[in-house]
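Participant: TSV, C-alpha atoms, file input24.tsv:
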chain	number	residue	atom	x	y	z
A	1	MET	CA	119.45	116.84	103.95
A	2	SER	CA	120.41	119.06	101.06
A	3	THR	CA	120.71	117.35	97.67
A	4	ARG	CA	124.08	119.02	97.18
A	5	ILE	CA	127.16	117.32	98.58
A	6	ARG	CA	129.96	119.46	99.99
A	7	ALA	CA	133.38	117.95	99.28
A	8	LEU	CA	136.88	118.74	100.50
A	9	ILE	CA	140.04	117.54	98.73
A	10	ALA	CA	143.24	116.92	100.74
A	11	ASP	CA	146.33	116.03	98.71
A	12	ASP	CA	149.88	117.37	98.78
A	13	GLU	CA	150.15	117.20	94.98
A	14	PRO	CA	148.60	120.27	93.27
A	15	LEU	CA	148.12	118.42	89.98
A	16	ALA	CA	146.30	115.60	91.76
A	17	ARG	CA	143.96	118.09	93.42
A	18	GLU	CA	143.33	119.82	90.10
A	19	TRP	CA	142.60	116.49	88.37
A	20	LEU	CA	140.12	115.39	91.03
A	21	ARG	CA	138.43	118.79	91.13
A	22	GLY	CA	137.97	118.63	87.37
A	23	LEU	CA	136.37	115.18	87.55
A	24	LEU	CA	134.09	116.24	90.39
A	25	ALA	CA	132.98	119.30	88.40
A	26	GLU	CA	131.22	116.91	86.00
A	27	HIS	CA	128.76	116.02	88.79
A	28	ALA	CA	126.16	118.73	89.32
A	29	ASP	CA	125.41	117.75	92.92
A	30	ILE	CA	129.04	117.97	94.12
A	31	ASP	CA	130.47	121.24	95.42
A	32	VAL	CA	134.20	121.33	96.15
A	33	ILE	CA	134.26	123.82	99.01
A	34	GLU	CA	138.00	123.78	99.78
A	35	GLU	CA	141.35	122.13	99.10
A	36	ALA	CA	144.15	121.26	101.51
A	37	GLY	CA	147.77	120.69	100.57
A	38	ASN	CA	148.78	118.89	103.76
A	39	GLY	CA	147.35	117.06	106.74
A	40	ILE	CA	147.33	120.05	109.10
A	41	ALA	CA	145.37	122.18	106.63
A	42	ALA	CA	142.96	119.27	106.13
A	43	ILE	CA	142.21	119.17	109.86
A	44	GLU	CA	141.66	122.92	110.01
A	45	HIS	CA	139.36	122.98	106.96
A	46	VAL	CA	137.30	119.99	108.09
A	47	THR	CA	136.85	121.50	111.54
A	48	ALA	CA	135.81	124.88	110.15
A	49	LEU	CA	133.71	123.82	107.13
A	50	GLU	CA	132.29	120.39	108.11
A	51	PRO	CA	132.20	118.87	104.60
A	52	ASP	CA	129.97	115.89	103.76
A	53	VAL	CA	132.80	113.98	102.11
A	54	LEU	CA	136.58	114.19	102.42
A	55	PHE	CA	138.79	112.94	99.59
A	56	LEU	CA	141.91	112.21	101.62
A	57	ASP	CA	145.33	111.33	100.24
A	58	ILE	CA	147.06	108.72	102.39
A	59	ASP	CA	150.71	109.41	101.63
A	60	MET	CA	151.34	113.01	102.71
A	61	PRO	CA	154.44	114.40	104.48
A	62	GLU	CA	154.45	115.23	108.21
A	63	LEU	CA	150.88	113.99	108.82
A	64	ASP	CA	149.49	111.25	106.60
A	65	GLY	CA	145.84	110.51	105.87
A	66	PHE	CA	145.51	108.09	108.76
A	67	GLY	CA	146.94	110.70	111.11
A	68	VAL	CA	144.36	113.20	109.88
A	69	VAL	CA	141.52	110.78	110.62
A	70	GLU	CA	142.84	110.08	114.11
A	71	ALA	CA	143.36	113.77	114.88
A	72	LEU	CA	139.82	114.64	113.77
A	73	GLY	CA	138.30	112.06	116.11
A	74	GLU	CA	134.53	112.48	116.30
A	75	GLN	CA	134.74	115.51	113.99
A	76	ARG	CA	135.35	113.26	111.01
A	77	PRO	CA	133.12	113.91	107.99
A	78	HIS	CA	130.23	111.53	107.30
A	79	CYS	CA	132.14	110.02	104.38
A	80	ILE	CA	135.87	109.63	103.87
A	81	VAL	CA	137.31	108.40	100.58
A	82	PHE	CA	140.96	107.50	100.86
A	83	VAL	CA	143.15	108.28	97.85
A	84	THR	CA	146.49	106.55	97.29
A	85	ALA	CA	149.05	105.90	94.61
A	86	HIS	CA	150.21	102.72	96.34
A	87	ASP	CA	148.55	99.38	96.92
A	88	ARG	CA	150.65	98.58	99.99
A	89	PHE	CA	148.00	100.05	102.28
A	90	ALA	CA	145.94	96.85	102.36
A	91	LEU	CA	143.27	98.10	100.00
A	92	GLN	CA	141.17	95.00	100.58
A	93	ALA	CA	140.53	96.22	104.12
A	94	PHE	CA	138.66	99.23	102.74
A	95	GLU	CA	136.26	97.03	100.79
A	96	VAL	CA	135.67	94.73	103.74
A	97	HIS	CA	134.73	97.67	105.92
A	98	ALA	CA	132.48	99.23	103.25
A	99	LEU	CA	134.63	102.34	102.85
A	100	ASP	CA	135.87	103.37	99.43
A	101	TYR	CA	139.28	104.26	98.09
A	102	LEU	CA	140.66	105.64	94.84
A	103	LEU	CA	143.88	104.16	93.52
A	104	LYS	CA	145.83	106.70	91.48
A	105	PRO	CA	145.56	107.06	88.57
A	106	PHE	CA	141.78	106.59	88.46
A	107	ASP	CA	139.30	107.52	85.75
A	108	ALA	CA	135.88	109.16	85.63
A	109	GLY	CA	134.11	105.80	85.74
A	110	ARG	CA	135.85	104.73	88.95
A	111	LEU	CA	135.07	108.07	90.57
A	112	ARG	CA	131.43	107.77	89.48
A	113	ARG	CA	131.11	104.48	91.35
A	114	THR	CA	132.66	106.08	94.42
A	115	LEU	CA	130.23	108.98	94.32
A	116	ASP	CA	127.30	106.57	94.01
A	117	ARG	CA	128.42	104.96	97.26
A	118	VAL	CA	128.83	108.36	98.90
A	119	ARG	CA	125.30	109.39	97.86
A	120	THR	CA	123.87	106.14	99.20
A	121	GLN	CA	125.67	106.46	102.52
A	122	LEU	CA	124.52	110.02	102.99
A	123	SER	CA	120.92	109.46	101.90
A	124	THR	CA	120.38	106.32	103.98
A	125	LYS	CA	122.33	107.64	106.97
A	126	THR	CA	124.49	104.52	106.98
A	127	ALA	CA	127.36	106.94	107.45
A	128	ALA	CA	126.53	106.93	111.16
A	129	ALA	CA	128.42	103.64	111.39
A	130	LEU	CA	131.52	104.95	109.62
A	131	PRO	CA	133.49	106.02	112.71
A	132	GLU	CA	133.46	102.41	113.98
A	133	LYS	CA	134.46	101.12	110.55
A	134	LEU	CA	137.24	103.68	110.35
A	135	ASN	CA	138.49	102.60	113.75
A	136	ALA	CA	138.54	98.99	112.57
A	137	ILE	CA	140.55	99.97	109.51
A	138	LEU	CA	143.00	102.00	111.56
A	139	ASP	CA	143.45	99.07	113.92
A	140	SER	CA	144.10	96.64	111.08
A	141	LEU	CA	146.49	98.91	109.19
A	142	ARG	CA	148.46	100.65	111.92
A	143	GLN	CA	148.89	98.25	114.81
A	144	PRO	CA	151.16	97.76	116.60
A	145	ARG	CA	152.55	101.22	115.81
A	146	LYS	CA	152.42	103.73	118.65
A	147	HIS	CA	152.60	107.47	118.26
A	148	ASP	CA	155.41	109.73	119.40
A	149	ARG	CA	153.44	112.80	118.27
A	150	ILE	CA	149.79	113.76	118.76
A	151	ALA	CA	148.08	116.51	116.77
A	152	VAL	CA	146.40	118.94	119.18
A	153	LYS	CA	144.08	121.79	118.25
A	154	ASP	CA	144.31	124.97	120.33
A	155	ASN	CA	142.61	128.30	119.56
A	156	GLY	CA	142.23	127.49	115.87
A	157	ARG	CA	145.78	126.26	115.34
A	158	VAL	CA	147.11	122.72	115.18
A	159	PHE	CA	150.45	121.67	116.61
A	160	PHE	CA	152.24	118.42	117.37
A	161	LEU	CA	152.64	117.43	121.02
A	162	ARG	CA	155.38	114.93	121.83
A	163	THR	CA	153.91	112.07	123.85
A	164	GLU	CA	157.01	111.98	126.05
A	165	ASP	CA	156.05	115.49	127.24
A	166	ILE	CA	152.69	114.26	128.58
A	167	ARG	CA	152.87	113.84	132.37
A	168	TRP	CA	149.43	112.37	132.77
A	169	VAL	CA	146.07	112.08	131.04
A	170	GLU	CA	142.71	112.71	132.70
A	171	ALA	CA	139.22	111.81	131.48
A	172	CYS	CA	137.08	114.92	130.94
A	173	GLY	CA	133.62	114.00	129.60
A	174	ASN	CA	133.92	113.19	125.91
A	175	TYR	CA	137.46	114.55	125.97
A	176	VAL	CA	140.76	113.73	127.59
A	177	LYS	CA	142.98	116.38	129.15
A	178	LEU	CA	146.70	116.06	128.47
A	179	TYR	CA	148.89	117.58	131.18
A	180	THR	CA	152.35	118.77	130.13
A	181	PRO	CA	155.04	121.00	131.67
A	182	ASN	CA	153.67	123.87	129.56
A	183	GLY	CA	150.01	123.50	130.46
A	184	SER	CA	147.08	121.25	129.57
A	185	HIS	CA	145.31	120.48	126.29
A	186	LEU	CA	141.89	119.00	125.54
A	187	LEU	CA	141.59	116.27	122.93
A	188	LEU	CA	138.36	114.73	121.65
A	189	GLN	CA	139.15	111.12	122.52
A	190	THR	CA	138.09	108.30	124.85
A	191	MET	CA	140.39	107.01	127.57
A	192	ALA	CA	140.49	103.60	125.89
A	193	GLY	CA	141.38	105.24	122.59
A	194	MET	CA	144.06	107.35	124.24
A	195	GLU	CA	145.54	104.34	126.01
A	196	GLY	CA	145.77	102.57	122.68
A	197	ARG	CA	147.69	105.47	121.14
A	198	LEU	CA	150.30	105.65	123.90
A	199	ASP	CA	153.33	103.42	124.37
A	200	ALA	CA	152.56	100.86	127.08
A	201	GLU	CA	156.25	100.82	127.97
A	202	ARG	CA	156.02	104.48	128.98
A	203	PHE	CA	152.39	105.05	130.06
A	204	LEU	CA	150.37	103.25	132.73
A	205	ARG	CA	146.61	103.26	133.38
A	206	ILE	CA	146.20	103.69	137.15
A	207	HIS	CA	142.51	104.61	137.28
A	208	ARG	CA	139.53	104.45	134.92
A	209	SER	CA	140.01	108.19	134.41
A	210	THR	CA	143.81	108.50	134.72
A	211	ILE	CA	146.85	107.47	132.66
A	212	VAL	CA	150.30	108.43	133.92
A	213	ASN	CA	153.72	108.74	132.30
A	214	ILE	CA	155.98	106.34	134.20
A	215	ASP	CA	158.90	108.78	133.92
A	216	ALA	CA	156.84	111.41	135.76
A	217	ILE	CA	156.29	109.24	138.87
A	218	HIS	CA	158.19	110.24	142.00
A	219	SER	CA	156.71	107.83	144.54
A	220	ILE	CA	153.75	105.67	145.49
A	221	GLU	CA	152.27	106.69	148.82
A	222	PRO	CA	150.03	104.49	151.03
A	223	LEU	CA	146.75	105.95	152.25
A	224	PHE	CA	144.13	104.51	154.57
A	225	HIS	CA	142.47	101.09	154.22
A	226	GLY	CA	144.98	99.78	151.74
A	227	ASP	CA	144.53	102.60	149.23
A	228	TYR	CA	147.43	104.31	147.48
A	229	GLU	CA	148.15	107.44	145.52
A	230	VAL	CA	150.75	108.09	142.86
A	231	ARG	CA	152.79	111.23	143.49
A	232	LEU	CA	154.45	112.89	140.53
A	233	LYS	CA	157.80	114.67	140.42
A	234	SER	CA	155.87	117.88	139.70
A	235	GLY	CA	153.99	117.50	143.01
A	236	GLU	CA	150.56	116.32	141.87
A	237	ALA	CA	148.95	113.35	143.62
A	238	LEU	CA	146.87	110.97	141.50
A	239	PRO	CA	144.53	108.28	142.86
A	240	LEU	CA	145.44	104.64	142.28
A	241	SER	CA	142.36	102.50	141.70
A	242	ARG	CA	142.35	99.02	143.22
A	243	GLY	CA	141.32	97.63	139.84
A	244	TYR	CA	144.62	98.81	138.32
A	245	ARG	CA	146.88	97.94	141.25
A	246	ASP	CA	148.19	94.78	139.58
A	247	ARG	CA	149.54	96.88	136.71
A	248	LEU	CA	151.45	99.05	139.14
A	249	GLN	CA	152.75	96.02	140.99
A	250	ALA	CA	154.05	94.62	137.72
A	251	LEU	CA	155.79	97.95	137.11
A	252	ILE	CA	157.43	97.86	140.54
A	253	GLU	CA	158.64	94.33	139.95
A	254	ARG	CA	160.02	95.30	136.58
A	255	PHE	CA	162.23	97.96	138.12
A	256	SER	CA	163.13	96.01	141.27
Now that the file is in, can you turn its structure into structure tokens?

Facilitator:
Amino acid sequence: MSTRIRALIADDEPLAREWLRGLLAEHADIDVIEEAGNGIAAIEHVTALEPDVLFLDIDMPELDGFGVVEALGEQRPHCIVFVTAHDRFALQAFEVHALDYLLKPFDAGRLRRTLDRVRTQLSTKTAAALPEKLNAILDSLRQPRKHDRIAVKDNGRVFFLRTEDIRWVEACGNYVKLYTPNGSHLLLQTMAGMEGRLDAERFLRIHRSTIVNIDAIHSIEPLFHGDYEVRLKSGEALPLSRGYRDRLQALIERFS
């Protein structure tokens, strides 16, 4: 690995970005390769430039720091340092999970300690465990909140997809495919992760590789040997796995 560390700063406050860039300039092995003024730009720059470390403001409009991490999925940088002006984000959780944070306003000494941790994580490859630690943090800080918007990348642009517009979700290797009235979109996500992001009152897992929007269901059709399929209002037929039949039965009883 190169001895130089490529850093990206994401903060909606220009003065905050300038202050952090100035402090980082005092460290010869840190190269600030780009800045982002909002969450969408942060996603685009991380995807294009693949920095080693992302200094990520938590409290940004439209898409906050946690939303950026979730949207990036497996494309997250090796190291993420959260930056916040508020202590209401359960800062102790960051220490427990061995991730760092900077509480504004911070000084050169505090940043130096952060960079020491970044260097150690990168040099010892302990950063390989960071995605799991990030997931644990997101679980502890954001549950039981569900999302009504999902950031989707398509042909180099990022847009917000309303979850209510998703008809069904299909597993597709390391991705999930989101089917909407206007076409389909690939998202780097597991089915379990996707299920956790969707409102259980609206979405139902009917197969290990299928999640369906309850509002999109037209009927449940019997097949042979006790099997069933779920037919959507748009005409598609989706298989119902026996392992998930109890969930569907509970749905039927709920609306009976």

Participant: Need to verify the contact set: segment 204-213 of chain A, 6 Å, all atoms listed in the file, exclusion of same-chain residues closer than 2 positions in sequence. Can you return it as a ChimeraX atom specification?

Facilitator: /A:167-171,202,215-216,240-241,244

Participant: How far is it from atom CA of Val81 of chain A to atom CA of Phe160 of chain A, in Å with one decimal?

Facilitator: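 Computed distance, atom CA of Val81 of chain A to atom CA of Phe160 of chain A, equals 24.6 Å.
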
Participant: Separation of atom CA of Glu201 of chain A and atom CA of Gly243 of chain A, in Å?

Facilitator: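 Rounded to one decimal, the two atoms are 19.3 Å apart.
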
Participant: Could you name the residues that touch segment 24-33 of chain A at 12 Å or less, counting all atoms listed in the file, but leaving out those on the same chain fewer than 4 positions away, as a PyMOL selection string?

Facilitator: chain A and resi 2-10+17-20+45-46+48-55+107-112+114-116+118-119

Participant: So the first atom is atom CA of His218 of chain A and the second is atom CA of Leu232 of chain A; what is the distance between them in Å, to one decimal place?

Facilitator: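 Atom-to-atom, atom CA of His218 of chain A to atom CA of Leu232 of chain A, that is 4.8 Å.
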
Participant: So that I can check the surroundings of Asp11 of chain A, please list as a PyMOL selection string every protein, DNA and RNA residue that reaches within 7 Å of it, counting all atoms listed in the file and ignoring chain neighbours fewer than 3 positions away.

Facilitator: chain A and resi 16-17+36-38+56-57

Participant: For Gly193 of chain A, list every protein, DNA or RNA residue within 12 Å, evaluated using only C-alpha atoms, and leave out those in the same chain fewer than 2 positions away; present the list as a list in words.

Facilitator: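 That gives Glu70, Ala71, Gly73, Glu74, Asn135, Leu138, Asp139, Lys146, Val169, Ala171, Asn174, Tyr175, Val176, Leu187, Leu188, Gln189, Thr190, Met191, Glu195, Gly196, Arg197, Leu198 and Ile211 of chain A.
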